[in-house]
$ cat query-v5.tsv   # TSV, C-alpha atoms
chain	number	residue	atom	x	y	z
A	1	MET	CA	98.66	117.53	71.60
A	2	LEU	CA	98.40	121.04	70.11
A	3	VAL	CA	99.10	121.78	66.44
A	4	VAL	CA	100.47	125.13	65.24
A	5	GLY	CA	97.82	126.95	63.26
A	6	TRP	CA	94.82	125.62	65.19
A	7	THR	CA	92.12	128.10	66.07
A	8	ARG	CA	91.34	128.94	69.69
A	9	ARG	CA	88.18	126.79	69.55
A	10	GLN	CA	90.16	123.82	68.22
A	11	ARG	CA	92.76	124.17	71.00
A	12	LEU	CA	90.06	124.37	73.67
A	13	ALA	CA	88.22	121.38	72.21
A	14	SER	CA	91.39	119.30	72.25
A	15	SER	CA	91.73	119.97	76.02
A	16	GLY	CA	88.18	118.76	76.74
A	17	PHE	CA	86.52	122.21	76.81
A	18	HIS	CA	83.04	122.62	75.34
A	19	PRO	CA	81.69	126.09	74.46
A	20	PHE	CA	78.33	125.37	76.14
A	21	GLY	CA	79.82	124.28	79.46
A	22	ARG	CA	79.84	120.55	78.80
A	23	ARG	CA	83.02	118.57	79.12
A	24	ARG	CA	84.04	115.36	77.53
A	25	ARG	CA	83.12	112.24	79.39
A	26	ALA	CA	86.00	110.98	81.51
A	27	ALA	CA	87.92	108.12	80.02
A	28	SER	CA	87.05	104.67	81.30
A	29	PRO	CA	89.52	103.02	83.71
A	30	THR	CA	92.45	101.41	81.98
A	31	SER	CA	93.48	97.82	82.60
A	32	GLU	CA	96.48	99.14	84.55
A	33	THR	CA	94.19	101.09	86.90
A	34	VAL	CA	91.91	98.09	87.38
A	35	ALA	CA	94.87	95.81	88.15
A	36	ARG	CA	95.91	98.02	91.09
A	37	THR	CA	92.52	97.68	92.80
A	38	TRP	CA	90.92	94.82	94.71
A	39	TRP	CA	87.53	95.57	93.26
A	40	VAL	CA	85.95	97.81	90.64
A	41	VAL	CA	82.37	98.64	91.56
A	42	THR	CA	80.28	99.63	88.54
A	43	GLU	CA	76.96	99.13	90.34
A	44	SER	CA	75.70	98.03	93.73
A	45	PRO	CA	77.11	94.55	94.50
A	46	VAL	CA	74.60	91.76	94.97
A	47	TYR	CA	74.73	88.40	96.71
A	48	GLU	CA	75.03	86.55	93.40
A	49	SER	CA	78.53	87.99	93.01
A	50	VAL	CA	79.69	85.96	96.04
A	51	TYR	CA	78.89	82.56	94.53
A	52	ASP	CA	79.70	83.44	90.91
A	53	PHE	CA	82.04	80.69	89.69
A	54	GLN	CA	84.56	83.11	88.20
A	55	ASN	CA	84.69	85.11	91.45
A	56	LEU	CA	85.14	81.93	93.48
A	57	TYR	CA	88.04	80.91	91.24
A	58	HIS	CA	89.71	84.32	91.67
A	59	ALA	CA	89.11	84.04	95.42
A	60	HIS	CA	90.90	80.68	95.40
A	61	MET	CA	93.84	82.24	93.53
A	62	ARG	CA	94.12	84.99	96.15
A	63	ALA	CA	93.67	82.63	99.11
A	64	ARG	CA	96.51	80.36	98.02
A	65	ARG	CA	99.13	83.11	97.78
A	66	GLY	CA	102.15	82.15	99.84
A	67	LYS	CA	100.56	78.79	100.75
A	68	ARG	CA	100.48	77.02	97.40
A	69	HIS	CA	102.48	74.01	98.59
A	70	SER	CA	100.60	73.53	101.86
A	71	ARG	CA	98.65	70.33	102.38
A	72	ASP	CA	95.21	71.98	102.47
A	73	VAL	CA	95.76	73.88	99.23
A	74	VAL	CA	97.09	70.82	97.41
A	75	ARG	CA	94.09	68.75	98.51
A	76	PHE	CA	91.69	71.48	97.40
A	77	GLU	CA	93.35	71.84	94.00
A	78	MET	CA	93.33	68.09	93.31
A	79	ASN	CA	89.56	68.44	92.68
A	80	LEU	CA	89.44	72.18	92.12
A	81	ALA	CA	86.43	72.37	89.82
A	82	ASP	CA	84.34	70.00	91.95
A	83	ASN	CA	85.23	71.87	95.16
A	84	LEU	CA	84.35	75.25	93.65
A	85	VAL	CA	81.06	73.93	92.26
A	86	ALA	CA	80.22	72.47	95.68
A	87	LEU	CA	80.91	75.82	97.36
A	88	GLN	CA	78.87	77.59	94.70
A	89	GLU	CA	75.89	75.32	95.30
A	90	GLU	CA	76.12	75.67	99.11
A	91	LEU	CA	76.21	79.46	98.88
A	92	LYS	CA	73.48	79.61	96.25
A	93	THR	CA	71.09	77.52	98.34
A	94	SER	CA	72.14	79.21	101.63
A	95	VAL	CA	73.21	75.95	103.28
A	96	TYR	CA	76.89	76.86	103.64
A	97	MET	CA	78.33	76.24	107.12
A	98	PRO	CA	81.94	77.02	108.17
A	99	THR	CA	84.06	74.15	109.45
A	100	THR	CA	86.08	74.11	112.66
A	101	TYR	CA	88.95	76.55	113.25
A	102	ARG	CA	92.60	75.71	113.75
A	103	VAL	CA	93.62	77.51	116.95
A	104	PHE	CA	97.20	78.55	117.77
A	105	GLU	CA	99.04	81.32	119.62
A	106	VAL	CA	101.41	84.03	118.46
A	107	PHE	CA	103.56	86.16	120.74
A	108	GLU	CA	104.54	89.15	118.57
A	109	PRO	CA	104.13	91.80	119.78
A	110	LYS	CA	102.06	90.20	122.55
A	111	ARG	CA	100.21	86.95	123.15
A	112	ARG	CA	97.28	86.57	120.78
A	113	LEU	CA	94.99	83.62	120.10
A	114	ILE	CA	94.54	83.07	116.35
A	115	SER	CA	91.60	81.05	115.02
A	116	ALA	CA	92.45	80.16	111.42
A	117	PRO	CA	89.61	78.90	109.19
A	118	ALA	CA	89.91	75.90	106.88
A	119	TYR	CA	91.02	76.58	103.32
A	120	ARG	CA	87.56	76.22	101.76
A	121	ASP	CA	86.27	78.80	104.25
A	122	ARG	CA	89.10	81.17	103.32
A	123	VAL	CA	88.01	80.94	99.68
A	124	VAL	CA	84.44	81.85	100.65
A	125	GLN	CA	85.63	84.76	102.77
A	126	HIS	CA	87.85	86.11	99.99
A	127	SER	CA	84.93	86.04	97.58
A	128	LEU	CA	82.59	87.60	100.13
A	129	CYS	CA	84.99	90.37	101.17
A	130	ASP	CA	86.35	91.24	97.73
A	131	ASN	CA	83.04	91.26	95.87
A	132	LEU	CA	80.50	92.40	98.45
A	133	LEU	CA	81.50	93.09	102.05
A	134	GLY	CA	84.57	95.21	101.33
A	135	PRO	CA	83.08	97.52	98.66
A	136	VAL	CA	79.86	98.15	100.60
A	137	VAL	CA	81.40	98.64	104.06
A	138	ASP	CA	84.13	100.88	102.64
A	139	ARG	CA	81.51	103.37	101.40
A	140	HIS	CA	80.06	103.74	104.91
A	141	LEU	CA	83.34	104.45	106.74
A	142	VAL	CA	84.81	107.86	107.51
A	143	TYR	CA	87.91	108.97	105.63
A	144	ASP	CA	90.28	108.67	108.62
A	145	ASN	CA	89.41	105.05	109.38
A	146	ALA	CA	92.67	103.68	108.00
A	147	ALA	CA	92.93	99.91	108.60
A	148	CYS	CA	92.56	97.31	105.82
A	149	ARG	CA	91.35	99.82	103.21
A	150	LEU	CA	92.64	100.32	99.69
A	151	GLY	CA	95.02	103.30	99.53
A	152	LYS	CA	95.28	103.55	103.30
A	153	GLY	CA	97.14	101.69	106.07
A	154	THR	CA	99.59	102.38	108.86
A	155	HIS	CA	101.68	104.94	106.98
A	156	PHE	CA	98.53	106.80	105.89
A	157	ALA	CA	97.34	106.98	109.51
A	158	MET	CA	100.77	108.14	110.69
A	159	GLY	CA	100.76	110.87	108.06
A	160	ARG	CA	97.31	112.06	109.09
A	161	LEU	CA	98.29	112.27	112.75
A	162	THR	CA	101.41	114.26	111.82
A	163	ARG	CA	99.28	116.61	109.75
A	164	PHE	CA	96.75	117.15	112.55
A	165	MET	CA	99.53	117.96	115.01
A	166	ALA	CA	101.06	120.48	112.60
A	167	GLU	CA	97.68	122.08	111.86
A	168	THR	CA	96.94	122.49	115.57
A	169	TYR	CA	100.27	124.27	116.09
A	170	ARG	CA	99.74	126.57	113.08
A	171	ALA	CA	96.25	127.47	114.26
A	172	THR	CA	97.15	128.26	117.88
A	173	GLY	CA	100.90	128.91	117.89
A	174	SER	CA	101.34	126.44	120.72
A	175	VAL	CA	101.58	122.69	121.23
A	176	GLY	CA	98.18	121.07	121.76
A	177	TYR	CA	96.98	117.84	123.38
A	178	ALA	CA	96.25	114.31	122.26
A	179	LEU	CA	93.60	111.87	123.45
A	180	LYS	CA	94.79	108.28	122.97
A	181	VAL	CA	92.00	105.68	123.14
A	182	ASP	CA	92.44	101.91	123.11
A	183	VAL	CA	89.63	99.36	123.48
A	184	ARG	CA	90.02	96.54	126.00
A	185	HIS	CA	90.04	93.10	124.27
A	186	TYR	CA	88.24	94.53	121.28
A	187	PHE	CA	87.69	91.45	119.10
A	188	ASP	CA	86.61	89.27	122.02
A	189	ASN	CA	84.01	91.80	123.22
A	190	VAL	CA	82.17	92.50	119.94
A	191	ARG	CA	78.50	91.69	120.50
A	192	HIS	CA	76.91	89.70	117.68
A	193	ASP	CA	73.43	91.20	118.14
A	194	VAL	CA	74.68	94.79	117.92
A	195	LEU	CA	76.89	93.98	114.92
A	196	LEU	CA	74.03	92.26	113.08
A	197	LYS	CA	71.86	95.37	113.46
A	198	GLN	CA	74.62	97.42	111.85
A	199	VAL	CA	74.94	94.86	109.05
A	200	GLU	CA	71.18	94.87	108.40
A	201	ARG	CA	71.22	98.65	107.96
A	202	ILE	CA	73.66	98.53	105.04
A	203	PHE	CA	72.78	95.16	103.45
A	204	PRO	CA	69.15	94.90	102.27
A	205	GLU	CA	69.56	91.30	101.04
A	206	VAL	CA	68.54	88.65	103.57
A	207	GLU	CA	71.01	86.13	102.10
A	208	VAL	CA	73.97	88.40	102.87
A	209	VAL	CA	72.86	88.95	106.46
A	210	ASP	CA	72.29	85.22	106.95
A	211	LEU	CA	75.74	84.35	105.57
A	212	LEU	CA	77.43	86.89	107.85
A	213	ARG	CA	75.39	85.62	110.80
A	214	VAL	CA	76.54	82.05	110.13
A	215	ILE	CA	80.19	83.15	109.96
A	216	MET	CA	79.87	85.23	113.14
A	217	GLU	CA	78.14	82.48	115.12
A	218	SER	CA	80.84	79.94	114.16
A	219	TYR	CA	83.06	81.54	116.83
A	220	HIS	CA	82.39	82.60	120.43
A	221	SER	CA	84.80	84.04	122.97
A	222	GLN	CA	81.74	84.24	125.24
A	223	PRO	CA	78.13	83.37	124.39
A	224	GLY	CA	76.97	85.79	121.69
A	225	MET	CA	80.30	87.66	121.57
A	226	GLY	CA	83.62	87.65	119.76
A	227	LEU	CA	85.21	87.79	116.32
A	228	PRO	CA	88.04	85.40	115.38
A	229	LEU	CA	91.35	87.09	114.61
A	230	GLY	CA	92.05	84.71	111.70
A	231	ASN	CA	88.96	85.59	109.64
A	232	GLN	CA	89.11	88.09	106.80
A	233	THR	CA	85.49	89.04	107.48
A	234	SER	CA	86.46	89.98	111.04
A	235	GLN	CA	88.59	92.85	109.76
A	236	TRP	CA	85.76	94.52	107.86
A	237	LEU	CA	83.17	93.86	110.56
A	238	ALA	CA	85.53	95.28	113.20
A	239	LEU	CA	85.94	98.44	111.11
A	240	LEU	CA	82.16	98.80	110.90
A	241	TYR	CA	81.48	98.08	114.58
A	242	LEU	CA	83.20	101.24	115.86
A	243	ASP	CA	81.72	103.47	113.17
A	244	PRO	CA	79.31	105.13	115.70
A	245	ILE	CA	82.35	106.47	117.59
A	246	ASP	CA	83.87	107.72	114.32
A	247	ARG	CA	80.62	109.54	113.52
A	248	LEU	CA	80.41	111.00	117.00
A	249	VAL	CA	83.87	112.56	116.83
A	250	LYS	CA	83.85	113.63	113.18
A	251	GLU	CA	80.23	114.68	112.73
A	252	GLY	CA	78.79	115.13	116.22
A	253	LEU	CA	81.66	116.97	117.88
A	254	ARG	CA	83.09	118.28	114.58
A	255	LEU	CA	86.67	117.42	115.54
A	256	ARG	CA	88.89	117.22	112.47
A	257	GLY	CA	92.02	115.88	114.18
A	258	TYR	CA	90.82	112.28	114.60
A	259	THR	CA	92.36	109.11	113.20
A	260	ARG	CA	91.63	105.43	113.86
A	261	TYR	CA	93.42	102.22	113.03
A	262	MET	CA	91.13	99.34	114.02
A	263	ASP	CA	90.70	99.84	117.81
A	264	ASP	CA	93.50	102.44	118.28
A	265	MET	CA	92.16	106.01	118.18
A	266	VAL	CA	93.86	109.39	118.57
A	267	VAL	CA	92.16	112.79	118.78
A	268	VAL	CA	94.28	115.97	118.54
A	269	HIS	CA	92.95	119.31	119.80
A	270	GLU	CA	94.17	122.54	121.32
A	271	SER	CA	91.93	122.26	124.41
A	272	ARG	CA	92.34	119.62	127.12
A	273	ASP	CA	88.79	120.32	128.36
A	274	MET	CA	87.39	119.59	124.91
A	275	LEU	CA	89.22	116.27	124.85
A	276	ARG	CA	87.87	115.38	128.31
A	277	ASP	CA	84.33	115.98	127.06
A	278	CYS	CA	85.10	113.98	123.92
A	279	LEU	CA	86.36	111.05	126.01
A	280	ARG	CA	83.24	111.14	128.19
A	281	GLN	CA	80.94	110.93	125.15
A	282	MET	CA	83.09	108.25	123.51
A	283	ARG	CA	82.82	106.12	126.67
A	284	ALA	CA	79.03	106.45	126.55
A	285	VAL	CA	78.86	105.24	122.95
A	286	ALA	CA	81.34	102.43	123.67
A	287	LYS	CA	79.16	101.30	126.60
A	288	CYS	CA	76.19	100.99	124.23
A	289	LEU	CA	78.37	98.78	122.04
A	290	GLY	CA	79.35	96.62	125.00
A	291	LEU	CA	82.94	97.88	125.02
A	292	ASP	CA	85.26	99.58	127.49
A	293	PHE	CA	88.56	101.43	127.21
A	294	ASN	CA	91.74	100.09	128.76
A	295	SER	CA	94.44	101.77	130.86
A	296	LYS	CA	96.27	103.07	127.77
A	297	THR	CA	93.49	105.59	127.29
A	298	GLN	CA	94.76	109.00	128.42
A	299	ILE	CA	95.17	112.67	127.51
A	300	THR	CA	98.72	113.93	127.13
A	301	SER	CA	100.45	117.05	125.93
A	302	LEU	CA	101.93	116.72	122.48
A	303	SER	CA	105.24	117.95	123.91
A	304	GLN	CA	105.30	114.68	125.90
A	305	GLY	CA	104.04	112.76	122.90
A	306	VAL	CA	101.64	109.95	122.05
A	307	THR	CA	102.39	106.39	120.93
A	308	TYR	CA	100.51	105.26	117.84
A	309	LEU	CA	101.11	102.33	115.48
A	310	GLY	CA	104.50	101.47	116.93
A	311	PHE	CA	105.90	105.02	116.75
A	312	HIS	CA	106.13	107.73	119.38
A	313	PHE	CA	104.97	111.13	118.10
A	314	HIS	CA	105.95	114.31	119.92
A	315	GLN	CA	106.13	117.99	119.03
A	316	THR	CA	108.93	120.43	119.72
A	317	PRO	CA	108.29	123.99	121.00
A	318	GLN	CA	108.94	125.17	117.43
A	319	GLY	CA	106.15	122.93	116.10
A	320	LYS	CA	108.22	120.21	114.48
A	321	VAL	CA	106.63	116.75	114.68
A	322	VAL	CA	109.16	114.04	115.55
A	323	ARG	CA	108.38	110.36	114.94
A	324	ARG	CA	110.60	107.77	116.58
A	325	LEU	CA	110.19	104.05	116.93
A	326	ALA	CA	108.46	103.20	120.20
A	327	SER	CA	110.90	101.98	122.84
A	328	GLY	CA	109.06	98.68	123.27
A	329	LYS	CA	109.61	97.80	119.60
A	330	LYS	CA	113.41	98.13	119.55
A	331	PRO	CA	114.44	94.94	121.45
A	332	GLY	CA	112.23	92.72	119.30
A	333	LEU	CA	113.50	94.35	116.11
A	334	LYS	CA	117.13	93.80	117.09
A	335	ARG	CA	116.46	90.18	118.07
A	336	GLY	CA	114.74	89.58	114.77
A	337	MET	CA	117.66	91.03	112.79
A	338	ALA	CA	120.19	88.90	114.68
A	339	GLY	CA	118.02	85.82	114.23
A	340	MET	CA	117.91	86.33	110.45
A	341	VAL	CA	121.72	86.42	110.31
A	342	ARG	CA	121.98	83.23	112.36
A	343	ARG	CA	119.50	81.46	110.10
A	344	HIS	CA	121.50	82.61	107.08
A	345	ASN	CA	124.69	81.24	108.59
A	346	ARG	CA	122.96	77.89	109.16
A	347	GLY	CA	121.86	77.82	105.52
A	348	GLU	CA	118.15	78.27	106.27
A	349	LEU	CA	117.93	81.64	104.49
A	350	THR	CA	119.73	82.85	101.39
A	351	ALA	CA	121.50	86.19	101.23
A	352	SER	CA	118.72	87.43	98.95
A	353	ASP	CA	116.05	86.49	101.53
A	354	VAL	CA	117.92	88.33	104.29
A	355	GLY	CA	118.42	91.36	102.07
A	356	GLN	CA	114.72	91.55	101.21
A	357	ARG	CA	113.63	91.30	104.84
A	358	VAL	CA	116.15	93.86	106.05
A	359	SER	CA	115.11	96.22	103.24
A	360	ALA	CA	111.45	95.84	104.24
A	361	HIS	CA	112.25	96.69	107.88
A	362	PHE	CA	114.33	99.70	106.86
A	363	ALA	CA	111.65	100.94	104.45
A	364	HIS	CA	109.18	100.99	107.34
A	365	LEU	CA	111.66	102.67	109.69
A	366	LYS	CA	112.26	105.44	107.14
A	367	HIS	CA	108.76	106.71	107.87
A	368	GLY	CA	110.12	108.01	111.18
A	369	HIS	CA	113.18	109.88	112.43
A	370	THR	CA	115.23	106.71	112.78
A	371	TYR	CA	118.59	107.39	111.11
A	372	GLY	CA	120.51	106.61	114.30
A	373	LEU	CA	118.56	103.41	114.91
A	374	ARG	CA	119.12	102.21	111.35
A	375	SER	CA	122.85	102.88	111.71
A	376	GLN	CA	122.93	100.83	114.92
A	377	LEU	CA	121.12	97.96	113.22
A	378	CYS	CA	123.60	97.99	110.31
A	379	ASP	CA	126.51	97.89	112.76
A	380	SER	CA	124.94	95.02	114.71
A	381	LEU	CA	124.39	93.06	111.49
A	382	ARG	CA	128.04	93.49	110.54
A	383	CYS	CA	129.16	92.39	114.01
A	384	GLU	CA	126.88	89.36	113.91
A	385	ARG	CA	128.22	88.27	110.53
A	386	ALA	CA	131.81	88.88	111.62
A	387	SER	CA	131.39	86.80	114.79
A	388	ALA	CA	129.74	84.03	112.78
A	389	GLY	CA	132.67	84.04	110.37
A	390	ASP	CA	135.18	83.78	113.26
A	391	ASP	CA	133.26	80.84	114.74
A	392	ALA	CA	133.28	79.07	111.36
A	393	GLN	CA	137.08	79.45	111.11
$ encode --input "query-v5.tsv" --output "structure tokens"
Amino acid sequence: MLVVGWTRRQRLASSGFHPFGRRRRAASPTSETVARTWWVVTESPVYESVYDFQNLYHAHMRARRGKRHSRDVVRFEMNLADNLVALQEELKTSVYMPTTYRVFEVFEPKRRLISAPAYRDRVVQHSLCDNLLGPVVDRHLVYDNAACRLGKGTHFAMGRLTRFMAETYRATGSVGYALKVDVRHYFDNVRHDVLLKQVERIFPEVEVVDLLRVIMESYHSQPGMGLPLGNQTSQWLALLYLDPIDRLVKEGLRLRGYTRYMDDMVVVHESRDMLRDCLRQMRAVAKCLGLDFNSKTQITSLSQGVTYLGFHFHQTPQGKVVRRLASGKKPGLKRGMAGMVRRHNRGELTASDVGQRVSAHFAHLKHGHTYGLRSQLCDSLRCERASAGDDAQ
């Protein structure tokens, strides 16, 4: 706020200016800012933060979201204090051992085997990831590693790819090329010994390494390999495992147009030969990690387009980047919409539930050029409701 009649020095001082070059210390984070974050790191996290009773309680509150009335959560909360104290003592004395996983399959968008940990193990993983693993690993990742990170995600990665495509066109005046890389059976082929060496480099505390080793060795797709898809720790460890490839592209080859979402990678460049050399070096690093690329890995012209995160990106001769929903996603989306209407007609979903889910789908589709598709979905929803009304009459 400026007051009429103030001197120049008073006006400058009110804006934070100091005549000797010093500025006022930045204001401390407000409670509103802190509430929007998963963690606030004021100093280097330590292992004690994992088994701190208050942190374990907050981890329990986060783990039960959406599952509060499930049998496992109810049993845990019947003796909440005793269960948290028991977990605290096991972690403090380094005798904690994960229990068996509940294994089941999902088929969207393809068949995947999910290994879900018991509820007490989910509490431990929430505390570990939110207070130690997440903050430390996040510092060591490159900016364009987008999965599971605060302030990033699928829409962030889509925006970065769009920006790289536009920058390539502005720099060269022509449409460039894209290298799409996908790892074959990524989570099942992560080697525990290689991952532990990466963990030891960023975690000096032996207790942290031992806890992560115990969690890793509780699951095997093959002897000494594999991360379970149901673990929260698997997400952060999977982000860290491919960091050597991120460093190769960003720092070794100095290629700006690179983005990664878990095991899906795209590199944009004006030269096809440069991308061939990049792919050759990426394969060499992946081989050292015990990984291989699948048949989706290829170099294409951006005029033909590249599929990334469920959208197909292509560039017009005038340089415009067009994002459309990938063709393989449309049938499942339409089936899901029709299924929601049928469940509503049977009384399984309320109109509010259907409206929220449809709004969520449309909000995601609005990140692409999908006006025609959204119009088709609205028409199909109306037809489905109309046919259901005729059947009821």
$ closest_residue --input "query-v5.tsv" --among "A:Leu150, A:Val354, A:Val214, A:Ala118" --to "A:Val103" --atoms "all atoms listed in the file"
A:Ala118
$ closest_atom_pairs --input "query-v5.tsv" --of "stretch 156-223 of chain A" --to "stretch 254-263 of chain A" --cutoff "7 Å" --atoms "only C-alpha atoms" --output "JSON lines"
{"residue": "A:Ala157", "atom": "CA", "partner": "A:Thr259", "partner_atom": "CA", "distance": 6.6}
{"residue": "A:Leu161", "atom": "CA", "partner": "A:Thr259", "partner_atom": "CA", "distance": 6.7}
{"residue": "A:Phe164", "atom": "CA", "partner": "A:Gly257", "partner_atom": "CA", "distance": 5.2}
{"residue": "A:Asp182", "atom": "CA", "partner": "A:Asp263", "partner_atom": "CA", "distance": 5.9}
{"residue": "A:Val183", "atom": "CA", "partner": "A:Asp263", "partner_atom": "CA", "distance": 5.8}
{"residue": "A:Tyr186", "atom": "CA", "partner": "A:Asp263", "partner_atom": "CA", "distance": 6.8}
$ residues_around --input "query-v5.tsv" --residues "A:His155" --least-positions-apart "6" --cutoff "10 Å" --atoms "all atoms listed in the file" --output "NGL selection string"
:A and (146 or 161 or 309 or 364 or 367-368)
$ write_last_selection --input "query-v5.tsv" --atoms "C-alpha atoms" --output "PDB file, in the coordinates of the input"
ATOM      1  CA  ALA A 146      92.670 103.680 108.000  1.00  0.00           C
ATOM      2  CA  LEU A 161      98.290 112.270 112.750  1.00  0.00           C
ATOM      3  CA  LEU A 309     101.110 102.330 115.480  1.00  0.00           C
ATOM      4  CA  HIS A 364     109.180 100.990 107.340  1.00  0.00           C
ATOM      5  CA  HIS A 367     108.760 106.710 107.870  1.00  0.00           C
ATOM      6  CA  GLY A 368     110.120 108.010 111.180  1.00  0.00           C
TER       7      GLY A 368
END
$ atom_distance --input "query-v5.tsv" --atom1 "atom CA of A:Arg160" --atom2 "atom CA of A:Leu275"
18.2 Å
$ atom_distance --input "query-v5.tsv" --atom1 "atom CA of A:Phe313" --atom2 "atom CA of A:Leu279"
20.2 Å
$ residues_around --input "query-v5.tsv" --residues "A:Val190" --least-positions-apart "6" --cutoff "12 Å" --atoms "all atoms listed in the file" --output "ChimeraX atom specification"
/A:183-184,196,216-217,219-229,234,237-242,263,286-292
$ atom_distance --input "query-v5.tsv" --atom1 "atom CA of A:Val266" --atom2 "atom CA of A:Arg163"
12.6 Å
$ residues_around --input "query-v5.tsv" --residues "A:Ile245" --least-positions-apart "3" --cutoff "10 Å" --atoms "all atoms listed in the file" --output "ChimeraX atom specification"
/A:241-242,248-252,265,281-286,289
$ decode --input "query-v5.tsv" --residues "stretch 189-200 of chain A" --atoms "N, CA, C and O atoms" --output "PDB file, in the first residue's frame"
ATOM      1  N   ASN A 189      10.654 -56.081 -14.751  1.00  0.00           N
ATOM      2  CA  ASN A 189      12.063 -56.275 -15.104  1.00  0.00           C
ATOM      3  C   ASN A 189      13.023 -55.375 -14.341  1.00  0.00           C
ATOM      4  O   ASN A 189      14.207 -55.321 -14.671  1.00  0.00           O
ATOM      5  N   VAL A 190      12.539 -54.662 -13.332  1.00  0.00           N
ATOM      6  CA  VAL A 190      13.431 -53.841 -12.500  1.00  0.00           C
ATOM      7  C   VAL A 190      14.294 -54.756 -11.632  1.00  0.00           C
ATOM      8  O   VAL A 190      13.780 -55.598 -10.887  1.00  0.00           O
ATOM      9  N   ARG A 191      15.596 -54.596 -11.733  1.00  0.00           N
ATOM     10  CA  ARG A 191      16.528 -55.425 -10.962  1.00  0.00           C
ATOM     11  C   ARG A 191      16.743 -54.824  -9.578  1.00  0.00           C
ATOM     12  O   ARG A 191      17.077 -53.646  -9.438  1.00  0.00           O
ATOM     13  N   HIS A 192      16.579 -55.640  -8.549  1.00  0.00           N
ATOM     14  CA  HIS A 192      16.698 -55.140  -7.182  1.00  0.00           C
ATOM     15  C   HIS A 192      18.115 -54.675  -6.866  1.00  0.00           C
ATOM     16  O   HIS A 192      18.293 -53.662  -6.176  1.00  0.00           O
ATOM     17  N   ASP A 193      19.125 -55.383  -7.361  1.00  0.00           N
ATOM     18  CA  ASP A 193      20.504 -55.010  -7.029  1.00  0.00           C
ATOM     19  C   ASP A 193      20.871 -53.664  -7.632  1.00  0.00           C
ATOM     20  O   ASP A 193      21.526 -52.828  -6.987  1.00  0.00           O
ATOM     21  N   VAL A 194      20.454 -53.409  -8.866  1.00  0.00           N
ATOM     22  CA  VAL A 194      20.749 -52.122  -9.504  1.00  0.00           C
ATOM     23  C   VAL A 194      19.988 -50.995  -8.801  1.00  0.00           C
ATOM     24  O   VAL A 194      20.533 -49.915  -8.542  1.00  0.00           O
ATOM     25  N   LEU A 195      18.733 -51.253  -8.458  1.00  0.00           N
ATOM     26  CA  LEU A 195      17.924 -50.235  -7.790  1.00  0.00           C
ATOM     27  C   LEU A 195      18.481 -49.913  -6.404  1.00  0.00           C
ATOM     28  O   LEU A 195      18.505 -48.739  -5.990  1.00  0.00           O
ATOM     29  N   LEU A 196      18.949 -50.907  -5.682  1.00  0.00           N
ATOM     30  CA  LEU A 196      19.505 -50.661  -4.351  1.00  0.00           C
ATOM     31  C   LEU A 196      20.763 -49.803  -4.421  1.00  0.00           C
ATOM     32  O   LEU A 196      21.014 -48.981  -3.529  1.00  0.00           O
ATOM     33  N   LYS A 197      21.570 -49.974  -5.452  1.00  0.00           N
ATOM     34  CA  LYS A 197      22.756 -49.118  -5.611  1.00  0.00           C
ATOM     35  C   LYS A 197      22.344 -47.664  -5.833  1.00  0.00           C
ATOM     36  O   LYS A 197      22.987 -46.740  -5.315  1.00  0.00           O
ATOM     37  N   GLN A 198      21.274 -47.453  -6.598  1.00  0.00           N
ATOM     38  CA  GLN A 198      20.790 -46.091  -6.788  1.00  0.00           C
ATOM     39  C   GLN A 198      20.246 -45.517  -5.483  1.00  0.00           C
ATOM     40  O   GLN A 198      20.440 -44.331  -5.182  1.00  0.00           O
ATOM     41  N   VAL A 199      19.560 -46.353  -4.708  1.00  0.00           N
ATOM     42  CA  VAL A 199      19.013 -45.896  -3.428  1.00  0.00           C
ATOM     43  C   VAL A 199      20.136 -45.537  -2.463  1.00  0.00           C
ATOM     44  O   VAL A 199      20.076 -44.517  -1.753  1.00  0.00           O
ATOM     45  N   GLU A 200      21.191 -46.337  -2.426  1.00  0.00           N
ATOM     46  CA  GLU A 200      22.301 -46.084  -1.502  1.00  0.00           C
ATOM     47  C   GLU A 200      23.020 -44.784  -1.823  1.00  0.00           C
ATOM     48  O   GLU A 200      23.587 -44.157  -0.927  1.00  0.00           O
TER      49      GLU A 200
END
